[in-house]
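Structure file target-v8.cif (mmCIF, C-alpha atoms and all ligand atoms) follows.
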```cif
data_coords
#
loop_
_atom_site.label_atom_id
_atom_site.label_comp_id
_atom_site.auth_asym_id
_atom_site.auth_seq_id
_atom_site.Cartn_x
_atom_site.Cartn_y
_atom_site.Cartn_z
CA MET A 1 -9.24 0.89 -49.63
CA GLY A 2 -11.89 -1.76 -49.87
CA GLU A 3 -14.91 -2.87 -47.93
CA SER A 4 -17.97 -5.12 -48.01
CA ILE A 5 -16.21 -8.16 -49.45
CA ARG A 6 -18.73 -10.98 -49.70
CA ASN A 7 -16.65 -14.10 -50.31
CA GLU A 8 -13.92 -15.87 -48.37
CA LYS A 9 -11.33 -15.94 -51.14
CA ASP A 10 -11.41 -12.16 -51.67
CA ALA A 11 -11.28 -11.58 -47.90
CA ASN A 12 -8.23 -13.85 -47.63
CA ASP A 13 -6.58 -12.16 -50.64
CA ALA A 14 -7.11 -8.78 -48.98
CA THR A 15 -5.54 -10.18 -45.80
CA ILE A 16 -2.47 -11.31 -47.77
CA GLU A 17 -2.21 -7.80 -49.21
CA PHE A 18 -2.27 -6.36 -45.68
CA LEU A 19 0.41 -8.83 -44.61
CA ASN A 20 2.58 -7.71 -47.55
CA LEU A 21 1.99 -4.12 -46.54
CA VAL A 22 3.07 -4.82 -42.94
CA LYS A 23 6.16 -6.59 -44.27
CA SER A 24 7.07 -3.66 -46.53
CA ILE A 25 6.64 -1.17 -43.69
CA GLY A 26 8.99 -3.32 -41.62
CA ILE A 27 11.60 -3.58 -44.38
CA GLU A 28 11.48 0.17 -45.04
CA LYS A 29 11.50 0.85 -41.27
CA LEU A 30 8.61 3.30 -41.63
CA ASN A 31 7.03 4.91 -38.60
CA SER A 32 3.57 3.79 -39.65
CA SER A 33 0.46 2.00 -38.50
CA ILE A 34 -2.16 0.36 -40.70
CA SER A 35 -5.92 0.80 -40.78
CA LEU A 36 -8.48 -1.58 -42.18
CA ASP A 37 -12.20 -2.21 -42.53
CA LEU A 38 -13.24 -5.53 -41.02
CA SER A 39 -15.66 -6.02 -43.92
CA HIS A 40 -12.60 -5.94 -46.20
CA ILE A 41 -11.20 -9.04 -44.51
CA GLY A 42 -14.38 -11.08 -44.13
CA LEU A 43 -16.89 -9.58 -41.68
CA LEU A 44 -19.81 -10.08 -44.07
CA VAL A 45 -18.87 -13.72 -44.62
CA SER A 46 -18.53 -14.52 -40.91
CA LYS A 47 -17.28 -12.91 -37.71
CA ASP A 48 -14.85 -15.80 -37.23
CA LEU A 49 -13.26 -15.24 -40.63
CA ALA A 50 -12.79 -11.51 -39.96
CA MET A 51 -11.38 -12.17 -36.48
CA ASN A 52 -8.95 -14.86 -37.66
CA ASN A 53 -7.71 -12.63 -40.47
CA LEU A 54 -7.40 -9.70 -38.09
CA LYS A 55 -5.36 -11.80 -35.64
CA THR A 56 -3.05 -12.95 -38.42
CA ILE A 57 -2.41 -9.32 -39.41
CA CYS A 58 -1.94 -8.24 -35.77
CA ASN A 59 0.55 -11.08 -35.17
CA GLN A 60 2.72 -9.96 -38.03
CA ALA A 61 2.38 -6.27 -37.12
CA GLU A 62 3.36 -7.07 -33.52
CA GLU A 63 6.70 -8.46 -34.70
CA ILE A 64 7.70 -5.01 -35.92
CA ASN A 65 5.97 -3.12 -33.12
CA GLN A 66 3.32 -1.79 -35.44
CA GLU A 67 -0.22 -0.78 -34.59
CA VAL A 68 -3.35 -1.97 -36.43
CA ILE A 69 -6.41 0.28 -36.26
CA ILE A 70 -9.89 -0.93 -37.14
CA SER A 71 -11.96 1.61 -39.08
CA MET A 72 -15.62 2.06 -38.16
CA GLU A 73 -18.27 1.29 -40.77
CA GLY A 74 -22.04 1.83 -41.06
CA PRO A 75 -24.19 1.55 -37.89
CA ASP A 76 -25.53 -1.89 -38.86
CA ARG A 77 -21.97 -3.18 -38.32
CA THR A 78 -21.02 -1.33 -35.13
CA ASP A 79 -21.95 -4.17 -32.74
CA SER A 80 -19.98 -6.86 -34.58
CA ILE A 81 -16.98 -4.56 -35.07
CA LEU A 82 -16.83 -3.65 -31.37
CA GLU A 83 -17.30 -7.29 -30.39
CA ILE A 84 -14.37 -8.41 -32.57
CA TYR A 85 -12.27 -5.49 -31.33
CA LYS A 86 -12.82 -6.31 -27.64
CA GLU A 87 -12.18 -10.01 -28.14
CA THR A 88 -9.02 -9.53 -30.23
CA LEU A 89 -7.61 -6.86 -27.91
CA LYS A 90 -7.42 -9.49 -25.14
CA THR A 91 -4.56 -11.18 -26.98
CA HIS A 92 -3.25 -8.42 -29.28
CA LYS A 93 -2.29 -5.23 -27.50
CA ASN A 94 -1.25 -3.49 -30.73
CA LEU A 95 -4.88 -3.07 -31.79
CA GLY A 96 -6.91 0.16 -31.91
CA ILE A 97 -10.45 1.13 -32.87
CA THR A 98 -12.22 4.04 -34.56
CA ILE A 99 -15.16 5.62 -32.74
CA GLN A 100 -17.79 7.84 -34.38
CA ALA A 101 -18.86 10.80 -32.24
CA TYR A 102 -22.07 11.31 -34.26
CA LEU A 103 -23.76 8.11 -33.07
CA HIS A 104 -25.93 8.51 -29.95
CA ARG A 105 -24.84 5.03 -28.82
CA THR A 106 -21.20 6.21 -28.67
CA LYS A 107 -21.95 7.83 -25.31
CA ASN A 108 -22.12 4.33 -23.79
CA ASP A 109 -19.59 2.64 -26.08
CA PHE A 110 -17.04 5.33 -25.28
CA LYS A 111 -17.23 4.66 -21.54
CA GLU A 112 -16.46 0.99 -22.10
CA ILE A 113 -13.86 1.39 -24.85
CA ALA A 114 -11.96 4.13 -23.01
CA GLU A 115 -11.44 1.71 -20.10
CA LEU A 116 -9.51 -0.61 -22.43
CA SER A 117 -5.87 -0.10 -23.33
CA GLY A 118 -6.25 -0.02 -27.14
CA SER A 119 -5.81 3.23 -28.96
CA ILE A 120 -8.91 5.19 -30.04
CA ARG A 121 -9.25 7.12 -33.27
CA LEU A 122 -12.00 9.68 -32.83
CA VAL A 123 -13.93 10.72 -35.97
CA LYS A 124 -17.24 12.51 -36.45
CA GLY A 125 -18.68 9.70 -38.62
CA ALA A 126 -19.09 9.47 -42.37
CA TYR A 127 -21.92 7.02 -43.06
CA GLU A 128 -25.56 7.91 -43.71
CA THR A 129 -27.78 6.75 -40.89
CA GLN A 130 -31.49 6.30 -40.26
CA ASN A 131 -33.23 9.15 -38.47
CA GLY A 132 -32.70 9.32 -34.76
CA ILE A 133 -29.51 7.34 -34.36
CA SER A 134 -26.98 10.04 -35.12
CA ILE A 135 -26.34 13.74 -34.52
CA GLU A 136 -26.14 16.03 -37.55
CA ARG A 137 -23.04 18.10 -38.32
CA GLY A 138 -23.21 21.33 -36.33
CA ASP A 139 -22.44 22.92 -32.97
CA LYS A 140 -23.96 20.09 -30.92
CA LEU A 141 -21.83 17.45 -32.61
CA ASP A 142 -18.72 19.63 -32.30
CA GLU A 143 -19.38 20.01 -28.59
CA ILE A 144 -19.79 16.25 -28.13
CA TYR A 145 -16.71 15.52 -30.23
CA LEU A 146 -14.66 17.93 -28.11
CA HIS A 147 -16.02 16.39 -24.93
CA TYR A 148 -14.60 13.01 -26.02
CA VAL A 149 -11.32 14.69 -27.04
CA GLU A 150 -11.03 16.27 -23.60
CA GLN A 151 -11.60 12.97 -21.82
CA LEU A 152 -9.02 11.17 -23.94
CA LEU A 153 -6.39 13.86 -23.57
CA LYS A 154 -6.91 14.31 -19.82
CA LYS A 155 -6.54 10.56 -19.28
CA ASN A 156 -3.56 10.53 -21.64
CA HIS A 157 -5.30 7.66 -23.39
CA LYS A 158 -3.60 6.56 -26.59
CA CYS A 159 -5.65 8.34 -29.26
CA SER A 160 -5.89 9.97 -32.65
CA ILE A 161 -7.93 13.12 -33.12
CA ALA A 162 -8.98 12.70 -36.75
CA SER A 163 -10.72 15.79 -38.07
CA HIS A 164 -10.14 18.51 -40.67
CA HIS A 165 -12.42 20.97 -38.91
CA GLU A 166 -10.72 24.24 -37.96
CA LYS A 167 -12.77 24.78 -34.80
CA ILE A 168 -12.12 21.24 -33.54
CA HIS A 169 -8.52 21.70 -34.38
CA GLN A 170 -8.09 24.98 -32.46
CA GLU A 171 -9.85 23.64 -29.36
CA THR A 172 -7.83 20.41 -29.46
CA ILE A 173 -4.58 22.37 -29.56
CA LYS A 174 -5.70 24.33 -26.46
CA LEU A 175 -6.50 21.06 -24.68
CA ILE A 176 -3.12 19.62 -25.63
CA ASP A 177 -1.32 22.74 -24.41
CA ASN A 178 -3.20 22.67 -21.10
CA ASN A 179 -3.02 18.94 -20.38
CA LYS A 180 0.33 18.04 -21.96
CA PRO A 181 -0.68 14.52 -23.06
CA THR A 182 1.99 12.36 -24.69
CA ASN A 183 -0.10 9.62 -26.30
CA TYR A 184 -2.13 11.60 -28.82
CA VAL A 185 -1.76 12.14 -32.53
CA LEU A 186 -3.47 14.72 -34.76
CA GLU A 187 -4.48 12.93 -37.91
CA ARG A 188 -5.72 14.01 -41.34
CA LEU A 189 -6.35 12.40 -44.70
CA LEU A 190 -3.58 12.82 -47.24
CA GLY A 191 -4.29 15.93 -49.32
CA ILE A 192 -6.71 17.62 -46.90
CA ARG A 193 -5.28 20.63 -45.08
CA ASN A 194 -1.93 18.91 -44.70
CA ASN A 195 0.11 22.15 -44.70
CA GLU A 196 -1.29 23.10 -41.32
CA LEU A 197 -0.46 19.65 -40.04
CA MET A 198 3.13 20.05 -41.24
CA GLU A 199 3.36 23.36 -39.38
CA LEU A 200 2.11 21.72 -36.20
CA LYS A 201 4.61 18.92 -36.63
CA ASP A 202 7.37 21.54 -36.90
CA GLN A 203 6.10 23.09 -33.66
CA GLY A 204 6.49 19.73 -31.90
CA TYR A 205 2.91 18.41 -31.94
CA ARG A 206 2.39 14.74 -32.73
CA THR A 207 0.87 14.35 -36.21
CA ARG A 208 0.00 11.60 -38.66
CA ILE A 209 -1.24 11.47 -42.25
CA TYR A 210 -3.71 8.81 -43.29
CA MET A 211 -2.79 7.57 -46.73
CA VAL A 212 -5.15 5.38 -48.70
CA TYR A 213 -3.86 2.52 -50.75
CA GLY A 214 -5.40 0.04 -53.18
CA LYS A 215 -7.56 -0.24 -56.28
CA GLU A 216 -11.05 0.20 -54.81
CA TRP A 217 -10.90 3.96 -55.17
CA TYR A 218 -14.37 4.80 -56.48
CA LEU A 219 -16.41 4.42 -53.28
CA TYR A 220 -13.70 6.19 -51.33
CA LEU A 221 -13.76 9.11 -53.78
CA CYS A 222 -17.59 9.34 -53.57
CA ASN A 223 -17.44 9.42 -49.76
CA ARG A 224 -14.91 12.27 -49.79
CA LEU A 225 -16.98 14.28 -52.31
CA ALA A 226 -20.18 13.69 -50.33
CA GLU A 227 -18.40 14.83 -47.17
CA TYR A 228 -17.13 18.05 -48.70
CA PRO A 229 -18.41 18.76 -52.26
CA LEU A 230 -16.03 21.71 -52.68
CA ASN A 231 -13.30 19.09 -53.08
CA ILE A 232 -14.40 18.74 -56.70
CA PHE A 233 -12.80 22.17 -57.39
CA GLN A 234 -9.64 21.14 -55.57
CA GLY A 235 -9.58 17.98 -57.71
CA ILE A 236 -9.87 19.97 -60.95
CA ALA A 237 -7.19 22.41 -59.77
CA ASP A 238 -4.88 19.48 -58.96
CA ILE A 239 -5.45 17.89 -62.41
CA VAL A 240 -4.68 21.20 -64.17
CA ASP A 241 -1.64 21.70 -61.96
CA GLU A 242 -0.38 18.18 -62.66
CA SER A 243 -0.88 18.45 -66.44
CA THR A 244 0.86 21.87 -66.53
CA THR A 245 3.81 20.43 -64.62
CA HIS A 246 3.84 17.41 -66.95
CA ASN A 247 3.78 19.58 -70.11
CA ASN A 248 6.61 21.73 -68.79
CA ARG A 249 8.85 18.72 -68.16
C1 LIG B 301 -7.76 9.68 -40.35
C2 LIG B 301 -9.25 9.57 -40.57
C3 LIG B 301 -9.86 8.34 -40.47
C4 LIG B 301 -11.24 8.23 -40.64
N1 LIG B 301 -11.86 7.02 -40.45
C5 LIG B 301 -13.20 6.96 -40.47
C6 LIG B 301 -13.88 5.75 -40.12
O1 LIG B 301 -13.27 4.73 -39.83
N2 LIG B 301 -15.23 5.75 -40.12
C7 LIG B 301 -15.98 6.89 -40.41
O2 LIG B 301 -17.21 6.84 -40.34
N3 LIG B 301 -15.35 8.03 -40.76
C8 LIG B 301 -14.00 8.11 -40.80
N4 LIG B 301 -13.39 9.29 -41.13
C9 LIG B 301 -14.19 10.41 -41.69
C10 LIG B 301 -14.82 11.23 -40.58
O3 LIG B 301 -15.86 10.54 -39.95
C11 LIG B 301 -15.42 12.53 -41.18
O4 LIG B 301 -16.43 12.23 -42.08
C12 LIG B 301 -14.42 13.43 -41.86
O5 LIG B 301 -13.21 13.53 -41.14
C13 LIG B 301 -15.02 14.84 -42.02
O6 LIG B 301 -15.33 15.37 -40.75
P1 LIG B 301 -14.44 16.53 -40.11
O7 LIG B 301 -14.44 16.41 -38.64
O8 LIG B 301 -13.08 16.43 -40.74
O9 LIG B 301 -15.14 17.88 -40.57
P2 LIG B 301 -16.68 18.26 -40.95
O10 LIG B 301 -17.47 18.56 -39.74
O11 LIG B 301 -17.25 17.26 -41.91
O12 LIG B 301 -16.42 19.59 -41.73
C14 LIG B 301 -16.02 20.80 -41.07
C15 LIG B 301 -15.04 21.57 -41.92
O13 LIG B 301 -13.81 20.83 -42.05
C16 LIG B 301 -13.27 21.02 -43.37
N5 LIG B 301 -13.35 19.72 -44.07
C17 LIG B 301 -13.99 18.63 -43.65
N6 LIG B 301 -13.86 17.62 -44.52
C18 LIG B 301 -13.11 18.10 -45.52
C19 LIG B 301 -12.64 17.55 -46.71
N7 LIG B 301 -12.92 16.27 -47.06
N8 LIG B 301 -11.90 18.32 -47.51
C20 LIG B 301 -11.61 19.60 -47.18
N9 LIG B 301 -12.04 20.19 -46.05
C21 LIG B 301 -12.78 19.44 -45.24
C22 LIG B 301 -14.14 22.05 -44.04
O14 LIG B 301 -13.65 23.33 -43.74
C23 LIG B 301 -15.48 21.84 -43.33
O15 LIG B 301 -16.32 22.96 -43.41
C24 LIG B 301 -12.00 9.41 -40.96
C25 LIG B 301 -11.37 10.65 -41.05
C26 LIG B 301 -10.01 10.75 -40.86
C27 LIG B 301 -9.36 12.10 -40.94
#
```
Mind converting the file's structure to structure tokens?
Amino acid sequence: MGESIRNEKDANDATIEFLNLVKSIGIEKLNSSISLDLSHIGLLVSKDLAMNNLKTICNQAEEINQEVIISMEGPDRTDSILEIYKETLKTHKNLGITIQAYLHRTKNDFKEIAELSGSIRLVKGAYETQNGISIERGDKLDEIYLHYVEQLLKKNHKCSIASHHEKIHQETIKLIDNNKPTNYVLERLLGIRNNELMELKDQGYRTRIYMVYGKEWYLYLCNRLAEYPLNIFQGIADIVDESTTHNNR
């Protein structure tokens, strides 16, 4: 967790933390990739700083055959993030990118990015946007999201279908059953509808849980609550559950 770092030292410190994380994953032999925001490792200071830090992390991740996936941020950063992604992918094949289905521009970006070898994590998109540049949650967005899913699965492009939405989920399973891709993963945030994901894993589908890590939790929490306000009740239930368990120990 962490984004929008505005000085070089903090960006470099974050990079060191990522390097330690890669090292630990290697030592523990975990089947895991890492995800990061480019603005966490220097994008707002300079593109060069972010790209150099990204390459350093990719180099180390490559040594243990680990993938690095760039998260996608607000629409004012999309151009620079895609630029850094395309440039870095030329030398670091273990790099992937997140694409937001809700942006109108994704129609064109997708065509270009899907031609490249890097893995694609498909999300609906979480950031507020100005009017006219994104599609609101609803049937139209679901249809567009599923259109991208279909293209990725039919091409057997390396991809992650990252959504907690039941309808998306059901349709994706049908597409997987029909097309038999081998390079996909169904991905969800830790704590959100993970039981279903476990069941799918048991049935032989490829699954992954996205686990957040770090101290910058507040913004992350706000984003999750804004996305799905009912989570506040889940949070309270979890706190009560945890304190009951603690008191019974
Ligand atoms: C692995 C992963 C990585 C991501 N990375 C990025 C990124 O880099 N950039 C970015 O912009 N966004 C990212 N997101 C967030 C994404 O854009 C969406 O905002 C988020 O996944 C919610 O959209 P949805 O498709 O899950 O469902 P929505 O269309 O938002 O909701 C549909 C239904 O899904 C269920 N649901 C959705 N969200 C929740 C929730 N939080 N808790 C409980 N139920 C829920 C509810 O039943 C809801 O009615 C990521 C999401 C995941 C899973």
Closest pair table for chain A residues within 6 Å of ligand LIG 301 (chain B), only C-alpha atoms and all ligand atoms, as JSON lines:
```
{"residue": "A:Ser71", "atom": "CA", "partner": "B:LIG301", "partner_atom": "O1", "distance": 3.5}
{"residue": "A:Met72", "atom": "CA", "partner": "B:LIG301", "partner_atom": "O1", "distance": 3.9}
{"residue": "A:Glu73", "atom": "CA", "partner": "B:LIG301", "partner_atom": "N2", "distance": 5.4}
{"residue": "A:Thr98", "atom": "CA", "partner": "B:LIG301", "partner_atom": "O1", "distance": 5.4}
{"residue": "A:Val123", "atom": "CA", "partner": "B:LIG301", "partner_atom": "O3", "distance": 4.4}
{"residue": "A:Lys124", "atom": "CA", "partner": "B:LIG301", "partner_atom": "O3", "distance": 4.2}
{"residue": "A:Gly125", "atom": "CA", "partner": "B:LIG301", "partner_atom": "O3", "distance": 3.2}
{"residue": "A:Ala126", "atom": "CA", "partner": "B:LIG301", "partner_atom": "O2", "distance": 3.8}
{"residue": "A:Tyr127", "atom": "CA", "partner": "B:LIG301", "partner_atom": "O2", "distance": 5.4}
{"residue": "A:Arg137", "atom": "CA", "partner": "B:LIG301", "partner_atom": "O10", "distance": 5.8}
{"residue": "A:Ala162", "atom": "CA", "partner": "B:LIG301", "partner_atom": "C27", "distance": 4.2}
{"residue": "A:Ser163", "atom": "CA", "partner": "B:LIG301", "partner_atom": "O8", "distance": 3.6}
{"residue": "A:His164", "atom": "CA", "partner": "B:LIG301", "partner_atom": "O8", "distance": 3.6}
{"residue": "A:His165", "atom": "CA", "partner": "B:LIG301", "partner_atom": "O13", "distance": 3.4}
{"residue": "A:Glu187", "atom": "CA", "partner": "B:LIG301", "partner_atom": "C1", "distance": 5.2}
{"residue": "A:Arg188", "atom": "CA", "partner": "B:LIG301", "partner_atom": "C27", "distance": 4.1}
{"residue": "A:Leu189", "atom": "CA", "partner": "B:LIG301", "partner_atom": "C27", "distance": 4.8}
{"residue": "A:Ile192", "atom": "CA", "partner": "B:LIG301", "partner_atom": "N8", "distance": 5.3}
{"residue": "A:Tyr210", "atom": "CA", "partner": "B:LIG301", "partner_atom": "C1", "distance": 5.1}
{"residue": "A:Arg224", "atom": "CA", "partner": "B:LIG301", "partner_atom": "N7", "distance": 5.2}
{"residue": "A:Glu227", "atom": "CA", "partner": "B:LIG301", "partner_atom": "N7", "distance": 5.7}
{"residue": "A:Tyr228", "atom": "CA", "partner": "B:LIG301", "partner_atom": "N7", "distance": 4.9}
{"residue": "A:Asn231", "atom": "CA", "partner": "B:LIG301", "partner_atom": "N8", "distance": 5.8}
```
To one decimal place, how far is atom CA of Asn94 of chain A from atom CA of Asp48 of chain A in Å? 19.5 Å
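Close contacts of segment 80-88 of chain A, defined as residues with an atom at most 7 Å away when counting all atoms listed in the file, with chain neighbours fewer than 4 positions off set aside, comprise Met51, Lys55 and His92 of chain A.
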Straight-line distance linking atom CA of Asp109 of chain A with atom CA of Lys174 of chain A, stated in Å to one decimal: 25.8 Å
Which residue of A:Asp241, A:Asp142, A:Glu112, A:Glu150 approaches Tyr184 of chain A most closely, using only C-alpha atoms: A:Glu150
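Across A:Cys159, A:Ala14, A:Val240, A:Leu190, the tightest approach to Ile209 of chain A is made by A:Leu190 when counting only C-alpha atoms.
With atom CA of Ile135 of chain A on one side and atom CA of Asn179 of chain A on the other, the separation reads 27.8 Å.
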Counting all atoms listed in the file, what is within 10 Å of segment 27-44 of chain A, bar same-chain residues fewer than 3 positions away, as a PyMOL selection string? chain A and resi 1-16+18+21-24+47-54+57-58+61+64-73+77+80-81+84-85+94-98+208-212
May I have the selected residues written with C-alpha atoms, as a tab-separated table (two decimals), keeping the file's coordinate frame?
```tsv
chain	number	residue	atom	x	y	z
A	1	MET	CA	-9.24	0.89	-49.63
A	2	GLY	CA	-11.89	-1.76	-49.87
A	3	GLU	CA	-14.91	-2.87	-47.93
A	4	SER	CA	-17.97	-5.12	-48.01
A	5	ILE	CA	-16.21	-8.16	-49.45
A	6	ARG	CA	-18.73	-10.98	-49.70
A	7	ASN	CA	-16.65	-14.10	-50.31
A	8	GLU	CA	-13.92	-15.87	-48.37
A	9	LYS	CA	-11.33	-15.94	-51.14
A	10	ASP	CA	-11.41	-12.16	-51.67
A	11	ALA	CA	-11.28	-11.58	-47.90
A	12	ASN	CA	-8.23	-13.85	-47.63
A	13	ASP	CA	-6.58	-12.16	-50.64
A	14	ALA	CA	-7.11	-8.78	-48.98
A	15	THR	CA	-5.54	-10.18	-45.80
A	16	ILE	CA	-2.47	-11.31	-47.77
A	18	PHE	CA	-2.27	-6.36	-45.68
A	21	LEU	CA	1.99	-4.12	-46.54
A	22	VAL	CA	3.07	-4.82	-42.94
A	23	LYS	CA	6.16	-6.59	-44.27
A	24	SER	CA	7.07	-3.66	-46.53
A	47	LYS	CA	-17.28	-12.91	-37.71
A	48	ASP	CA	-14.85	-15.80	-37.23
A	49	LEU	CA	-13.26	-15.24	-40.63
A	50	ALA	CA	-12.79	-11.51	-39.96
A	51	MET	CA	-11.38	-12.17	-36.48
A	52	ASN	CA	-8.95	-14.86	-37.66
A	53	ASN	CA	-7.71	-12.63	-40.47
A	54	LEU	CA	-7.40	-9.70	-38.09
A	57	ILE	CA	-2.41	-9.32	-39.41
A	58	CYS	CA	-1.94	-8.24	-35.77
A	61	ALA	CA	2.38	-6.27	-37.12
A	64	ILE	CA	7.70	-5.01	-35.92
A	65	ASN	CA	5.97	-3.12	-33.12
A	66	GLN	CA	3.32	-1.79	-35.44
A	67	GLU	CA	-0.22	-0.78	-34.59
A	68	VAL	CA	-3.35	-1.97	-36.43
A	69	ILE	CA	-6.41	0.28	-36.26
A	70	ILE	CA	-9.89	-0.93	-37.14
A	71	SER	CA	-11.96	1.61	-39.08
A	72	MET	CA	-15.62	2.06	-38.16
A	73	GLU	CA	-18.27	1.29	-40.77
A	77	ARG	CA	-21.97	-3.18	-38.32
A	80	SER	CA	-19.98	-6.86	-34.58
A	81	ILE	CA	-16.98	-4.56	-35.07
A	84	ILE	CA	-14.37	-8.41	-32.57
A	85	TYR	CA	-12.27	-5.49	-31.33
A	94	ASN	CA	-1.25	-3.49	-30.73
A	95	LEU	CA	-4.88	-3.07	-31.79
A	96	GLY	CA	-6.91	0.16	-31.91
A	97	ILE	CA	-10.45	1.13	-32.87
A	98	THR	CA	-12.22	4.04	-34.56
A	208	ARG	CA	0.00	11.60	-38.66
A	209	ILE	CA	-1.24	11.47	-42.25
A	210	TYR	CA	-3.71	8.81	-43.29
A	211	MET	CA	-2.79	7.57	-46.73
A	212	VAL	CA	-5.15	5.38	-48.70
```
Nearest to Leu186 of chain A: which of A:Thr56, A:Thr207, A:Asn223, A:Gln234 is it, counting all atoms listed in the file? A:Thr207
